file data12.txt (compact mmCIF, C-alpha atoms)
# COMPACT_ATOMS: atom_id res chain seq x y z
CA VAL A 1 -19.25 64.07 2.80
CA TRP A 2 -20.57 66.83 0.58
CA GLY A 3 -24.01 66.43 2.18
CA VAL A 4 -22.57 66.87 5.68
CA PHE A 5 -20.60 69.92 4.54
CA ALA A 6 -23.70 71.43 2.98
CA ALA A 7 -25.68 70.80 6.16
CA ILE A 8 -23.03 72.59 8.22
CA ARG A 9 -23.24 75.53 5.81
CA LEU A 10 -27.00 75.63 6.32
CA TYR A 11 -26.50 75.66 10.06
CA ARG A 12 -23.95 78.46 9.99
CA ALA A 13 -25.83 80.64 7.52
CA GLU A 14 -26.66 84.09 8.84
CA THR A 15 -30.11 84.42 7.27
CA LYS A 16 -32.39 86.14 9.78
CA LEU A 17 -35.31 84.02 10.95
CA PRO A 18 -38.85 85.43 11.05
CA SER A 19 -39.74 86.43 14.61
CA ASP A 20 -42.47 83.80 15.02
CA LEU A 21 -40.20 80.99 13.83
CA ALA A 22 -37.37 82.21 16.05
CA LEU A 23 -39.73 82.11 19.03
CA ALA A 24 -40.86 78.57 18.15
CA LEU A 25 -37.23 77.50 17.93
CA GLU A 26 -36.35 79.09 21.27
CA VAL A 27 -39.31 77.63 23.16
CA GLY A 28 -38.98 74.16 21.67
CA ALA A 29 -35.28 74.00 22.42
CA THR A 30 -36.08 73.62 26.13
CA ARG A 31 -37.72 70.23 25.43
CA THR A 32 -35.67 69.03 22.48
CA GLY A 33 -32.61 66.80 22.40
CA ALA A 34 -29.27 68.01 21.07
CA VAL A 35 -29.58 66.29 17.67
CA ASP A 36 -33.13 67.48 17.03
CA SER A 37 -32.20 70.98 18.18
CA LEU A 38 -29.35 71.06 15.66
CA VAL A 39 -31.62 69.78 12.89
CA ASP A 40 -34.24 72.39 13.79
CA ARG A 41 -31.65 75.16 13.69
CA MET A 42 -30.48 74.06 10.25
CA GLY A 43 -33.94 73.72 8.78
CA MET A 44 -36.09 76.36 10.47
CA ARG A 45 -35.39 79.02 7.86
CA TYR A 46 -36.82 76.67 5.20
CA ALA A 47 -39.91 75.74 7.22
CA PRO A 48 -42.18 78.37 5.59
CA ALA A 49 -41.36 77.03 2.12
CA VAL A 50 -42.11 73.45 3.21
CA LEU A 51 -45.42 74.52 4.75
CA ARG A 52 -46.40 76.34 1.56
CA LEU A 53 -45.62 73.23 -0.50
CA MET A 54 -47.69 71.10 1.87
CA GLY A 55 -50.77 73.31 1.54
CA PRO A 56 -53.35 74.21 4.22
CA LYS A 57 -55.13 70.83 4.32
CA LEU A 58 -51.95 68.81 4.78
CA VAL A 59 -50.63 71.30 7.34
CA ALA A 60 -53.87 70.95 9.33
CA ARG A 61 -53.61 67.15 9.15
CA TYR A 62 -50.05 67.12 10.47
CA ARG A 63 -50.85 69.70 13.13
CA ARG A 64 -53.51 67.26 14.34
CA LYS A 65 -51.03 64.36 14.28
CA ILE A 66 -48.53 66.37 16.31
CA ASP A 67 -51.25 67.15 18.86
CA LEU A 68 -52.16 63.45 19.06
CA ALA A 69 -48.49 62.66 19.63
CA GLY A 70 -48.40 65.16 22.52
CA ASN A 71 -45.83 67.45 20.87
CA PRO A 72 -42.94 65.05 21.61
CA GLY A 73 -39.68 66.83 22.31
CA GLY A 74 -41.33 70.21 21.84
CA LEU A 75 -42.38 69.36 18.28
CA THR A 76 -44.50 71.98 16.54
CA ILE A 77 -45.68 72.22 12.95
CA ASP A 78 -42.82 74.64 12.22
CA ARG A 79 -40.25 72.30 13.72
CA TYR A 80 -41.79 69.40 11.80
CA ALA A 81 -41.37 71.36 8.55
CA ALA A 82 -37.78 72.20 9.49
CA ARG A 83 -36.96 68.53 10.04
CA ARG A 84 -38.63 67.55 6.79
CA ALA A 85 -36.41 70.05 4.99
CA VAL A 86 -33.16 68.82 6.57
CA TYR A 87 -33.85 65.08 6.47
CA GLY A 88 -35.26 65.38 2.95
CA PHE A 89 -32.15 67.23 1.80
CA LEU A 90 -29.74 64.78 3.43
CA GLY A 91 -31.73 61.80 2.16
CA ALA A 92 -31.70 63.17 -1.39
CA VAL A 93 -27.95 63.86 -1.28
CA GLY A 94 -27.25 60.39 0.11
CA PHE A 95 -29.50 58.85 -2.54
CA LEU A 96 -27.60 60.55 -5.37
CA VAL A 97 -24.17 59.72 -3.93
CA PHE A 98 -24.85 56.00 -3.48
CA LEU A 99 -26.82 55.73 -6.71
CA LEU A 100 -23.80 57.03 -8.62
CA ARG A 101 -21.69 54.41 -6.85
CA GLY A 102 -24.09 51.71 -8.00
CA GLN A 103 -25.34 50.90 -4.48
CA VAL A 104 -29.02 51.10 -5.34
CA LEU A 105 -30.38 49.46 -2.16
CA VAL A 106 -28.49 51.84 0.13
CA ALA A 107 -29.58 54.75 -2.05
CA LEU A 108 -33.24 53.76 -1.75
CA LEU A 109 -32.93 53.31 2.02
CA LEU A 110 -31.48 56.80 2.37
CA LEU A 111 -34.24 58.24 0.19
CA ALA A 112 -36.86 56.52 2.37
CA PHE A 113 -35.12 57.83 5.49
CA GLY A 114 -35.29 61.39 4.21
CA ALA A 115 -38.93 61.06 3.23
CA PHE A 116 -40.35 59.19 6.22
CA TRP A 117 -38.11 59.47 9.28
CA THR A 118 -40.03 62.37 10.81
CA GLU A 119 -43.36 60.60 10.16
CA VAL A 120 -42.08 57.43 11.84
CA GLY A 121 -41.24 59.43 14.97
CA ILE A 122 -44.71 61.01 15.09
CA TRP A 123 -46.48 57.69 14.47
CA SER A 124 -44.46 55.99 17.21
CA ALA A 125 -45.16 58.81 19.68
CA ILE A 126 -48.91 58.62 18.96
CA ARG A 127 -49.00 54.87 19.66
CA ILE A 128 -46.93 55.10 22.84
CA ARG A 129 -48.91 58.05 24.19
CA LYS A 130 -52.28 56.45 23.44
CA ASP A 131 -51.27 53.18 25.13
CA GLU A 132 -50.00 55.02 28.20
CA ILE A 133 -53.19 57.07 28.53
CA GLU A 134 -55.39 54.00 28.20
CA ARG A 135 -53.34 52.12 30.82
CA THR A 136 -53.67 55.04 33.23
CA LEU A 137 -57.37 55.82 32.84
CA PRO A 138 -59.07 52.96 34.78
CA ASP A 139 -56.94 53.42 37.92
CA PHE A 140 -57.30 57.19 37.62
CA LEU A 141 -61.08 56.88 37.53
CA ASP A 142 -61.10 54.64 40.62
CA VAL A 143 -59.03 57.17 42.57
CA LEU A 144 -61.15 60.05 41.30
CA ALA A 145 -64.33 58.25 42.40
CA VAL A 146 -62.92 57.75 45.92
CA VAL A 147 -61.93 61.42 46.21
CA VAL A 148 -65.33 62.63 44.96
CA SER A 149 -67.14 60.26 47.34
CA ALA A 150 -65.10 61.78 50.21
CA GLY A 151 -66.94 65.06 49.64
CA LEU A 152 -64.86 67.10 47.19
CA GLY A 153 -66.51 68.71 44.19
CA PHE A 154 -65.68 67.19 40.81
CA ARG A 155 -63.52 70.13 39.72
CA GLN A 156 -61.48 70.11 42.95
CA ALA A 157 -61.18 66.33 42.93
CA LEU A 158 -59.98 66.33 39.32
CA ASP A 159 -57.34 68.94 40.15
CA ARG A 160 -56.14 67.05 43.22
CA VAL A 161 -55.93 63.63 41.57
CA ALA A 162 -54.29 65.02 38.41
CA SER A 163 -51.56 66.60 40.56
CA ARG A 164 -50.65 63.11 41.85
CA TYR A 165 -50.11 61.69 38.37
CA GLU A 166 -47.38 62.19 35.78
CA GLY A 167 -47.34 61.47 32.07
CA PRO A 168 -49.54 62.31 29.09
CA TRP A 169 -52.90 61.83 30.83
CA ALA A 170 -51.93 64.19 33.65
CA ASP A 171 -50.72 66.70 31.04
CA GLU A 172 -54.05 66.50 29.22
CA LEU A 173 -56.01 67.05 32.42
CA ARG A 174 -53.89 70.07 33.34
CA ILE A 175 -54.62 71.58 29.94
CA THR A 176 -58.34 70.93 30.46
CA LEU A 177 -58.31 72.46 33.93
CA ARG A 178 -56.39 75.47 32.66
CA GLN A 179 -58.96 76.00 29.93
CA MET A 180 -61.73 75.99 32.54
CA ASP A 181 -59.75 78.45 34.67
CA LEU A 182 -59.64 80.76 31.64
CA GLY A 183 -63.42 80.71 31.32
CA MET A 184 -64.16 77.79 29.01
CA SER A 185 -67.22 75.77 30.02
CA ARG A 186 -66.64 72.30 31.45
CA ARG A 187 -68.49 70.73 28.56
CA GLN A 188 -66.39 72.53 25.95
CA ALA A 189 -63.12 71.86 27.79
CA PHE A 190 -63.82 68.13 27.86
CA ALA A 191 -64.90 68.19 24.23
CA GLU A 192 -61.47 69.68 23.45
CA LEU A 193 -59.88 66.90 25.53
CA ARG A 194 -61.65 64.33 23.36
CA ARG A 195 -60.59 66.14 20.17
CA ARG A 196 -56.92 66.10 21.20
CA ASN A 197 -56.88 62.35 21.83
CA ASP A 198 -57.68 59.65 19.29
CA SER A 199 -58.59 57.17 22.01
CA GLU A 200 -61.81 55.21 22.44
CA GLN A 201 -61.38 55.23 26.22
CA VAL A 202 -60.95 59.00 26.38
CA ALA A 203 -64.07 59.35 24.23
CA MET A 204 -65.92 57.02 26.63
CA PHE A 205 -64.79 59.12 29.59
CA VAL A 206 -65.94 62.41 28.08
CA THR A 207 -69.23 60.99 26.79
CA ALA A 208 -70.04 59.41 30.16
CA LEU A 209 -69.36 62.67 31.99
CA GLN A 210 -71.50 64.68 29.60
CA GLN A 211 -74.37 62.18 29.67
CA GLY A 212 -74.20 61.92 33.45
CA GLU A 213 -74.34 65.69 33.70
CA GLU A 214 -77.39 65.82 31.41
CA LEU A 215 -79.23 62.99 33.20
CA GLY A 216 -78.25 64.02 36.70
CA ALA A 217 -76.63 60.66 37.43
CA PRO A 218 -74.31 60.47 40.50
CA ILE A 219 -70.79 61.16 39.28
CA VAL A 220 -69.24 58.49 41.54
CA ASP A 221 -71.42 55.75 40.06
CA THR A 222 -70.56 56.97 36.57
CA LEU A 223 -66.81 56.87 37.27
CA VAL A 224 -66.87 53.40 38.86
CA ALA A 225 -68.97 51.93 36.04
CA LEU A 226 -66.71 53.52 33.44
CA ALA A 227 -63.55 52.09 35.03
CA LYS A 228 -65.12 48.61 34.99
CA ASP A 229 -66.11 48.99 31.33
CA MET A 230 -62.57 50.06 30.40
CA ARG A 231 -61.00 47.09 32.20
CA ARG A 232 -63.46 44.76 30.49
CA THR A 233 -62.56 46.27 27.11
CA ASP A 234 -58.83 45.93 27.87
CA ALA A 235 -59.30 42.27 28.79
CA GLN A 236 -61.21 41.58 25.57
CA ASN A 237 -58.53 43.31 23.50
CA ALA A 238 -55.81 41.32 25.25
CA ARG A 239 -57.62 38.05 24.50
CA ARG A 240 -58.01 39.01 20.84
CA LYS A 241 -54.30 39.84 20.57
CA ALA A 242 -53.38 36.54 22.21
CA ALA A 243 -55.67 34.64 19.83
CA ARG A 244 -54.07 36.32 16.80
CA ALA A 245 -50.60 35.48 18.10
CA VAL A 246 -51.36 31.74 18.33
call {"tool": "encode", "arguments": {"input": "data12.txt", "output": "structure tokens"}}
result
Amino acid sequence: VWGVFAAIRLYRAETKLPSDLALALEVGATRTGAVDSLVDRMGMRYAPAVLRLMGPKLVARYRRKIDLAGNPGGLTIDRYAARRAVYGFLGAVGFLVFLLRGQVLVALLLLAFGAFWTEVGIWSAIRIRKDEIERTLPDFLDVLAVVVSAGLGFRQALDRVASRYEGPWADELRITLRQMDLGMSRRQAFAELRRRNDSEQVAMFVTALQQGEELGAPIVDTLVALAKDMRRTDAQNARRKAARAV
């Protein structure tokens, strides 16, 4: 009870937020659920302290994880730090309360919740997003090959096909296209696409495009061959999973 009361006091406190954190809170609120938005509001003022305790290397590592997760629910590094502050505080309070009551197991579970709940959400989002991208890629490449073979340039075809898709892969392509619109070279934009995604299939896609560009190979042949390779890899992975399950 005391922990809930203290959390409400944190939420209602009138401490002025730094302008950059206030902006992050405002923008993220458009993509965040009610519970996460409340947690962010309670913890955002403590985000700078959490980030300082984490240190630059750990901050960079978690920024990368959040990118790999696709910024689920508008998650940013500041919002991550805010949630760590709130969940850590509530977990610590719950741990002390139940430890004093002699309920050690419940106390340890609450401590683990406070320490790892945010990480579990990021890890789950990374896995789901990666699986969805890798399911989408082979069919996307087939469609892209058909559109390119119909006479459209690669850039136009990519834009047209991406507009017909929804989900994380379409989002990634729109970011890549936007970067090219802003003057980034195609090679660099696709290198950034590979950096943002810890996926072997995305790496295959980018590498094949870059090698095809260097060697002058027909882009349609490259796309068709790549889609076949990805389906073959998926089939092999499925057989391995089935064998382990037996």
call {"tool": "atom_distance", "arguments": {"input": "data12.txt", "atom1": "CA of Asp181 (chain A)", "atom2": "CA of Arg155 (chain A)"}}
result
10.4 Å
call {"tool": "closest_atom_pairs", "arguments": {"input": "data12.txt", "of": "region 87-189 of chain A", "to": "region 59-69 of chain A", "cutoff": "10 Å", "atoms": "all atoms listed in the file", "output": "Markdown table"}}
result
| residue | atom | partner | partner_atom | distance |
| --- | --- | --- | --- | --- |
| A:Glu119 | CA | A:Tyr62 | CA | 9.3 |
| A:Gly121 | CA | A:Ala69 | CA | 9.2 |
| A:Ile122 | CA | A:Ala69 | CA | 6.1 |
| A:Trp123 | CA | A:Ala69 | CA | 7.4 |
| A:Ser124 | CA | A:Ala69 | CA | 8.2 |
| A:Ala125 | CA | A:Ala69 | CA | 5.1 |
| A:Ile126 | CA | A:Ala69 | CA | 4.1 |
| A:Arg127 | CA | A:Ala69 | CA | 7.8 |
| A:Ile128 | CA | A:Ala69 | CA | 8.4 |
| A:Arg129 | CA | A:Ala69 | CA | 6.5 |
| A:Lys130 | CA | A:Ala69 | CA | 8.2 |
| A:Pro168 | CA | A:Ala69 | CA | 9.5 |
call {"tool": "residues_around", "arguments": {"input": "data12.txt", "residues": "Ala162 (chain A)", "least_positions_apart": "2", "cutoff": "10 Å", "atoms": "all atoms listed in the file", "output": "list in words"}}
result
Phe140, Leu144, Gln156, Ala157, Leu158, Asp159, Arg160, Arg164, Tyr165, Glu166, Trp169, Ala170, Asp171, Glu172, Leu173, Arg174 and Leu177 of chain A
call {"tool": "atom_distance", "arguments": {"input": "data12.txt", "atom1": "CA of Ala225 (chain A)", "atom2": "CA of Gly70 (chain A)"}}
result
27.9 Å
call {"tool": "closest_residue", "arguments": {"input": "data12.txt", "among": "A:Glu134, A:Gln103, A:Ala238, A:Arg84", "to": "Phe116 (chain A)", "atoms": "only C-alpha atoms"}}
result
A:Arg84
call {"tool": "atom_distance", "arguments": {"input": "data12.txt", "atom1": "CA of Asp40 (chain A)", "atom2": "CA of Arg83 (chain A)"}}
result
6.0 Å
call {"tool": "residues_around", "arguments": {"input": "data12.txt", "residues": "region 185-199 of chain A", "least_positions_apart": "3", "cutoff": "6 Å", "atoms": "only C-alpha atoms", "output": "MDAnalysis selection string"}}
result
chainID A and resid 68 176 202:203
call {"tool": "closest_residue", "arguments": {"input": "data12.txt", "among": "A:Ala47, A:Ala145, A:Leu99, A:Met230", "to": "Val86 (chain A)", "atoms": "all atoms listed in the file"}}
result
A:Ala47
call {"tool": "residues_around", "arguments": {"input": "data12.txt", "residues": "Leu111 (chain A)", "least_positions_apart": "3", "cutoff": "9 Å", "atoms": "only C-alpha atoms", "output": "ChimeraX atom specification"}}
result
/A:88,90-96,106-108,114-116
